[in-house]
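S.K.: Dropping a structure here in structure tokens format, bear with me for questions.
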Amino acid sequence: MEGMFTPPDAVTDSLKCSLCDCYLSVAPIALISDDGSQYKCGRCSAVKTIINTRATIYENVAKLLVFPCIFKGCDKKIPFVNVRDHEKICAQRSTICPKTGCSDSIKILKMGQHFKEKHSESFHTDYFSIKNAYAYYNIDVLEKDGKSFIGFFDFDEANFGLSILSTDPTDNYLQYEVKIKSDKCNFTITISNQNVISFVEREHCFKCASGNCKSKFHPYRDNRKDISRRMTTKINRDSIKKMFGTGQLTYAITIDEKVEDKLKEEKVKDETKIEMRDALIRKAKKIFLQLLECPLCKSYMAPPIWQCLTGHTMCNNCKPKQEQCSTCNEKIENTRNYTLEELSKKVELPSENEKKFAFKRNSDDPEVNGSPASKVQKK
């Protein structure tokens with residue numbers, strides 16, 4: 001990583017958050033003690049401290065550093081400005097099982113396997129099937145197409161809420177559909193186009209909702225209502241009871257791609273690639289034409305194209321008039337530049353009146369200079 005500095009291990013190990021003991025590699029970094037010895041990282045920004053002063057000088061220096069990944073098994077070194085994004089997608093990222101009563105540390109991408117082995121009563125395949133949904137309060141895991149999805153279910157006095165969370169943060173085009181039915185009715189209510197969101201351990205901790213979370217780094221540990229508000233889908237319990245009566249409710253939740261959104265974004269990306277390609281072609285053509293411009297008469301050169309011993313070029317009309325190169329004063333002999341000659345055969349040279357192909361000479365980024373293009377040398 002050019003321009004970045006990797007501190008010695010002893011230095012890196014001293015740059016740790018006083019709260020979570022992770023590296024001070026995620027902004028905002030804050031000073032939290034009077035004596036300047038304690039800092040907290042951006043991962044712990046939800047934790048309130050008496051002193052909370054932004055350490056901007058440290059952050060500016062840290063932008064020049066690379067840090068180790070905090071997850072065991074990952075040996076990558078990441079620039080300070082990219083650490084937060086890396087931690088969201090690191091294949092080695094892990095968490096404590098969100099299930100109440102389980103304290104196993106598991107890799108997030110292996111969540112489905114863990115639930116299948118340890119919490120089979122809350123494990124689903126292909127789609128979520130939830131019974132007794134009037135008052136369902138749980139975390140379930142679905143495994144579909146080799147990926148794990150977490151169903152976060154909660155309720156309060158007014159609503160039943162749910163969110164479907166993807167353990168893969170690159171899943172940007174997923175949505176889910178909820179179908180509600182009762183064993184005493186022959187109709188179904190469908191709620192469509194609900195967005196699947198990325199699982200973030202500190203925000204989607206079910207132990208916070210149950211009041212059993214002991215982590216001081218979780219922003220909703222002491223406020224279950226905030227978690228309920230964060231639910232993607234909220235269903236009024238009284239309305240559902242009026243529709244279905246007292247029968248047992250079943251929720252079937254399926255996950256699919258948002259095909260239209262994906263196609264739109266792919267189209268934009270394709271159009272952007274085409275625009276970038278066309279811009280590069282235009283710029284390359286400008287550079288090629290500048291190379292073909294005779295430095296003496298400003299005409300575009302055609303074979304034969306001559307050069308001095310140093311490599312400076314000139315057209316066939318100007319060569320007989322020069323004994324020495326006008327650029328470096330080297331002797332001019334009968335040395336041809338065959339590379340430029342081949343190039344001149346492949347590039348469409350502009351006509352005299354096409355001003356848009358005239359260039360400023362010796363420019364780092366040749367642009368149109370508004371003057372008429374010179375005549376093209378005749379063979």
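Each chain of the structure tokens is named A, B, ... in the order shown, its residues numbered from 1; ligands are numbered from 1 in display order.
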Using only C-alpha atoms, which residues of region 96-139 of chain A come within 10 Å of region 178-200 of chain A, and what is the closest atom pair for each, with the distance in Å to one decimal? Give it as JSON lines, sorted by chain and residue number.
M.R.:
{"residue": "A:Ile108", "atom": "CA", "partner": "A:Phe199", "partner_atom": "CA", "distance": 9.0}
{"residue": "A:Phe128", "atom": "CA", "partner": "A:Val178", "partner_atom": "CA", "distance": 9.3}
{"residue": "A:Ser129", "atom": "CA", "partner": "A:Lys179", "partner_atom": "CA", "distance": 9.7}
{"residue": "A:Ile130", "atom": "CA", "partner": "A:Ile180", "partner_atom": "CA", "distance": 9.6}
{"residue": "A:Lys131", "atom": "CA", "partner": "A:Ser182", "partner_atom": "CA", "distance": 9.6}
{"residue": "A:Asn132", "atom": "CA", "partner": "A:Ser182", "partner_atom": "CA", "distance": 9.6}
{"residue": "A:Ala133", "atom": "CA", "partner": "A:Ile180", "partner_atom": "CA", "distance": 8.9}
S.K.: Pick out each residue of region 101-345 of chain A that DSSP on the backbone tags as strand (DSSP E or B); I need them as a ChimeraX atom specification.
M.R.: /A:105-107,123-125,128-131,138-144,147-155,159-166,174-182,188-195,197-198,233-236,249-257,293,300,306-307,313-314,324,331,335-336
S.K.: Filtering to C-alpha atoms, could you give me those residues as a compact mmCIF listing (two decimals), in the first residue's frame?
M.R.:
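Result file out_1.txt:
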# COMPACT_ATOMS: atom_id res chain seq x y z
CA SER A 105 -18.56 -17.61 19.67
CA ILE A 106 -19.37 -18.31 16.03
CA LYS A 107 -18.32 -16.99 12.64
CA PHE A 123 -33.68 -23.36 12.18
CA HIS A 124 -35.45 -23.17 8.81
CA THR A 125 -34.64 -24.04 5.21
CA PHE A 128 -39.31 -19.01 7.51
CA SER A 129 -42.42 -20.68 8.89
CA ILE A 130 -43.51 -19.05 12.16
CA LYS A 131 -46.48 -20.25 14.23
CA ASN A 138 -37.42 -15.11 19.15
CA ILE A 139 -34.44 -15.25 16.82
CA ASP A 140 -34.68 -17.80 14.01
CA VAL A 141 -32.18 -18.59 11.27
CA LEU A 142 -32.91 -19.54 7.68
CA GLU A 143 -30.46 -21.22 5.34
CA LYS A 144 -31.17 -20.62 1.67
CA LYS A 147 -26.49 -18.25 2.79
CA SER A 148 -27.73 -17.61 6.32
CA PHE A 149 -30.49 -15.15 7.18
CA ILE A 150 -31.55 -14.13 10.67
CA GLY A 151 -35.20 -13.57 11.50
CA PHE A 152 -35.52 -11.07 14.34
CA PHE A 153 -39.04 -11.27 15.84
CA ASP A 154 -40.43 -9.12 18.63
CA PHE A 155 -43.73 -7.63 19.78
CA ASN A 159 -47.50 -4.38 17.12
CA PHE A 160 -45.84 -7.55 16.06
CA GLY A 161 -42.52 -6.69 14.42
CA LEU A 162 -39.96 -8.51 12.37
CA SER A 163 -36.75 -7.87 10.46
CA ILE A 164 -34.92 -10.23 8.14
CA LEU A 165 -31.17 -9.78 8.32
CA SER A 166 -28.53 -11.04 5.91
CA LEU A 174 -32.85 -8.84 -1.47
CA GLN A 175 -36.40 -8.39 -0.26
CA TYR A 176 -38.82 -10.55 1.63
CA GLU A 177 -42.52 -11.23 1.51
CA VAL A 178 -44.72 -12.09 4.50
CA LYS A 179 -47.86 -14.21 4.09
CA ILE A 180 -50.17 -14.39 7.10
CA LYS A 181 -52.88 -17.00 7.40
CA SER A 182 -54.99 -18.61 10.10
CA THR A 188 -54.17 -14.86 3.25
CA ILE A 189 -52.74 -11.40 3.86
CA THR A 190 -49.54 -10.65 1.94
CA ILE A 191 -47.00 -7.96 2.79
CA SER A 192 -44.49 -7.54 -0.04
CA ASN A 193 -41.33 -5.62 -0.94
CA GLN A 194 -39.80 -5.57 2.55
CA ASN A 195 -36.06 -4.90 2.47
CA ILE A 197 -30.95 -5.51 5.85
CA SER A 198 -27.42 -6.41 6.91
CA THR A 233 -42.08 -4.78 9.22
CA LYS A 234 -44.65 -3.77 11.83
CA ILE A 235 -48.07 -5.42 11.95
CA ASN A 236 -50.84 -4.13 14.18
CA LEU A 249 -51.62 -17.63 12.96
CA THR A 250 -48.82 -18.80 10.70
CA TYR A 251 -46.33 -16.50 9.03
CA ALA A 252 -44.55 -17.73 5.89
CA ILE A 253 -41.63 -15.48 4.98
CA THR A 254 -39.83 -15.91 1.66
CA ILE A 255 -36.73 -14.10 0.40
CA ASP A 256 -36.14 -13.12 -3.23
CA GLU A 257 -33.99 -10.79 -5.29
CA GLU A 293 2.31 16.40 -34.91
CA TYR A 300 0.42 15.68 -38.89
CA TRP A 306 12.23 10.63 -39.23
CA GLN A 307 13.92 10.99 -35.86
CA THR A 313 10.63 13.23 -34.60
CA MET A 314 10.03 15.35 -37.70
CA GLN A 324 20.50 19.18 -36.28
CA LYS A 331 22.64 15.00 -35.41
CA THR A 335 16.68 6.96 -38.91
CA ARG A 336 12.98 6.32 -39.24
S.K.: Contacts of region 59-66 of chain A at 8 Å or less, counting only C-alpha atoms, minus same-chain residues fewer than 2 places along, as a PyMOL selection string?
M.R.: chain A and resi 3-7+25+27-29+55-57+68+77-81
S.K.: Hey, can you spit out that residue selection with N, CA and C atoms as a compact mmCIF listing (two decimals), in the first residue's frame?
M.R.:
# COMPACT_ATOMS: atom_id res chain seq x y z
N GLY A 3 2.49 4.72 0.16
CA GLY A 3 2.22 5.90 0.96
C GLY A 3 1.69 5.60 2.35
N MET A 4 1.48 4.30 2.66
CA MET A 4 0.96 3.92 3.97
C MET A 4 2.10 3.35 4.81
N PHE A 5 1.97 3.48 6.12
CA PHE A 5 3.01 3.04 7.04
C PHE A 5 2.46 1.96 7.96
N THR A 6 3.21 0.86 8.10
CA THR A 6 2.83 -0.22 9.01
C THR A 6 3.64 -0.08 10.29
N PRO A 7 3.01 0.29 11.40
CA PRO A 7 3.75 0.48 12.65
C PRO A 7 4.28 -0.86 13.16
N SER A 25 -8.78 1.91 15.35
CA SER A 25 -8.71 1.93 13.89
C SER A 25 -10.04 2.28 13.23
N ALA A 27 -12.95 5.37 13.21
CA ALA A 27 -13.36 6.70 13.67
C ALA A 27 -14.85 6.68 14.06
N PRO A 28 -15.26 7.61 14.94
CA PRO A 28 -14.45 8.65 15.58
C PRO A 28 -13.66 8.12 16.77
N ILE A 29 -12.44 8.60 16.91
CA ILE A 29 -11.61 8.27 18.07
C ILE A 29 -11.79 9.40 19.09
N ALA A 55 -10.46 13.05 19.05
CA ALA A 55 -9.00 13.06 18.89
C ALA A 55 -8.66 13.24 17.41
N THR A 56 -8.85 14.45 16.92
CA THR A 56 -8.67 14.71 15.49
C THR A 56 -7.21 14.59 15.05
N ILE A 57 -6.28 14.97 15.92
CA ILE A 57 -4.86 14.86 15.55
C ILE A 57 -4.50 13.39 15.36
N PRO A 68 -3.94 -4.19 11.76
CA PRO A 68 -4.36 -5.59 11.60
C PRO A 68 -5.88 -5.70 11.76
N LYS A 77 -3.86 -6.50 6.52
CA LYS A 77 -3.54 -5.19 7.07
C LYS A 77 -4.37 -4.17 6.30
N ILE A 78 -5.13 -3.35 7.02
CA ILE A 78 -6.10 -2.49 6.37
C ILE A 78 -5.83 -1.03 6.69
N PRO A 79 -5.86 -0.14 5.68
CA PRO A 79 -5.72 1.30 5.96
C PRO A 79 -6.82 1.78 6.90
N PHE A 80 -6.49 2.72 7.73
CA PHE A 80 -7.41 3.26 8.74
C PHE A 80 -8.77 3.61 8.14
N VAL A 81 -8.77 4.25 6.99
CA VAL A 81 -10.04 4.72 6.40
C VAL A 81 -10.90 3.58 5.88
S.K.: Between CA of Ser215 (chain A) and CA of Tyr39 (chain A), what is the spacing in Å?
M.R.: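 Answer for the CA of Tyr39 (chain A) to CA of Ser215 (chain A) separation: 18.2 Å.
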S.K.: Need the shell around region 91-101 of chain A: protein/DNA/RNA residues with any atom at most 10 Å away, counting only C-alpha atoms. Skip same-chain ones fewer than 5 positions apart. Format as a ChimeraX atom specification?
M.R.: /A:69-75,86,106-111,114-115,119,122,138-140,150,152,168,200-202,204-208,210-213
S.K.: May I ask for the distance between CA of Ile50 (chain A) and CA of His218 (chain A), given in Å to one decimal place?
M.R.: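 Atom-to-atom, CA of Ile50 (chain A) to CA of His218 (chain A), that is 17.7 Å.
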S.K.: With only C-alpha atoms as the atoms that count, which of A:Lys88, A:Lys48, A:Gln38, A:Asp145 lies nearest to Gly112 (chain A)?
M.R.: A:Asp145
S.K.: Restricting the calculation to only C-alpha atoms, which member of A:Val83, A:Tyr137, A:Asp35, A:Ser239 is positioned closest to Ala209 (chain A)?
M.R.: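 Going through A:Val83, A:Tyr137, A:Asp35, A:Ser239 one by one, the smallest distance to Ala209 (chain A) is for A:Tyr137.
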S.K.: Given only C-alpha atoms as the basis, pick out the residue of A:Val11, A:Leu292, A:Ala46, A:Cys308 nearest to Ile332 (chain A).
M.R.: A:Cys308
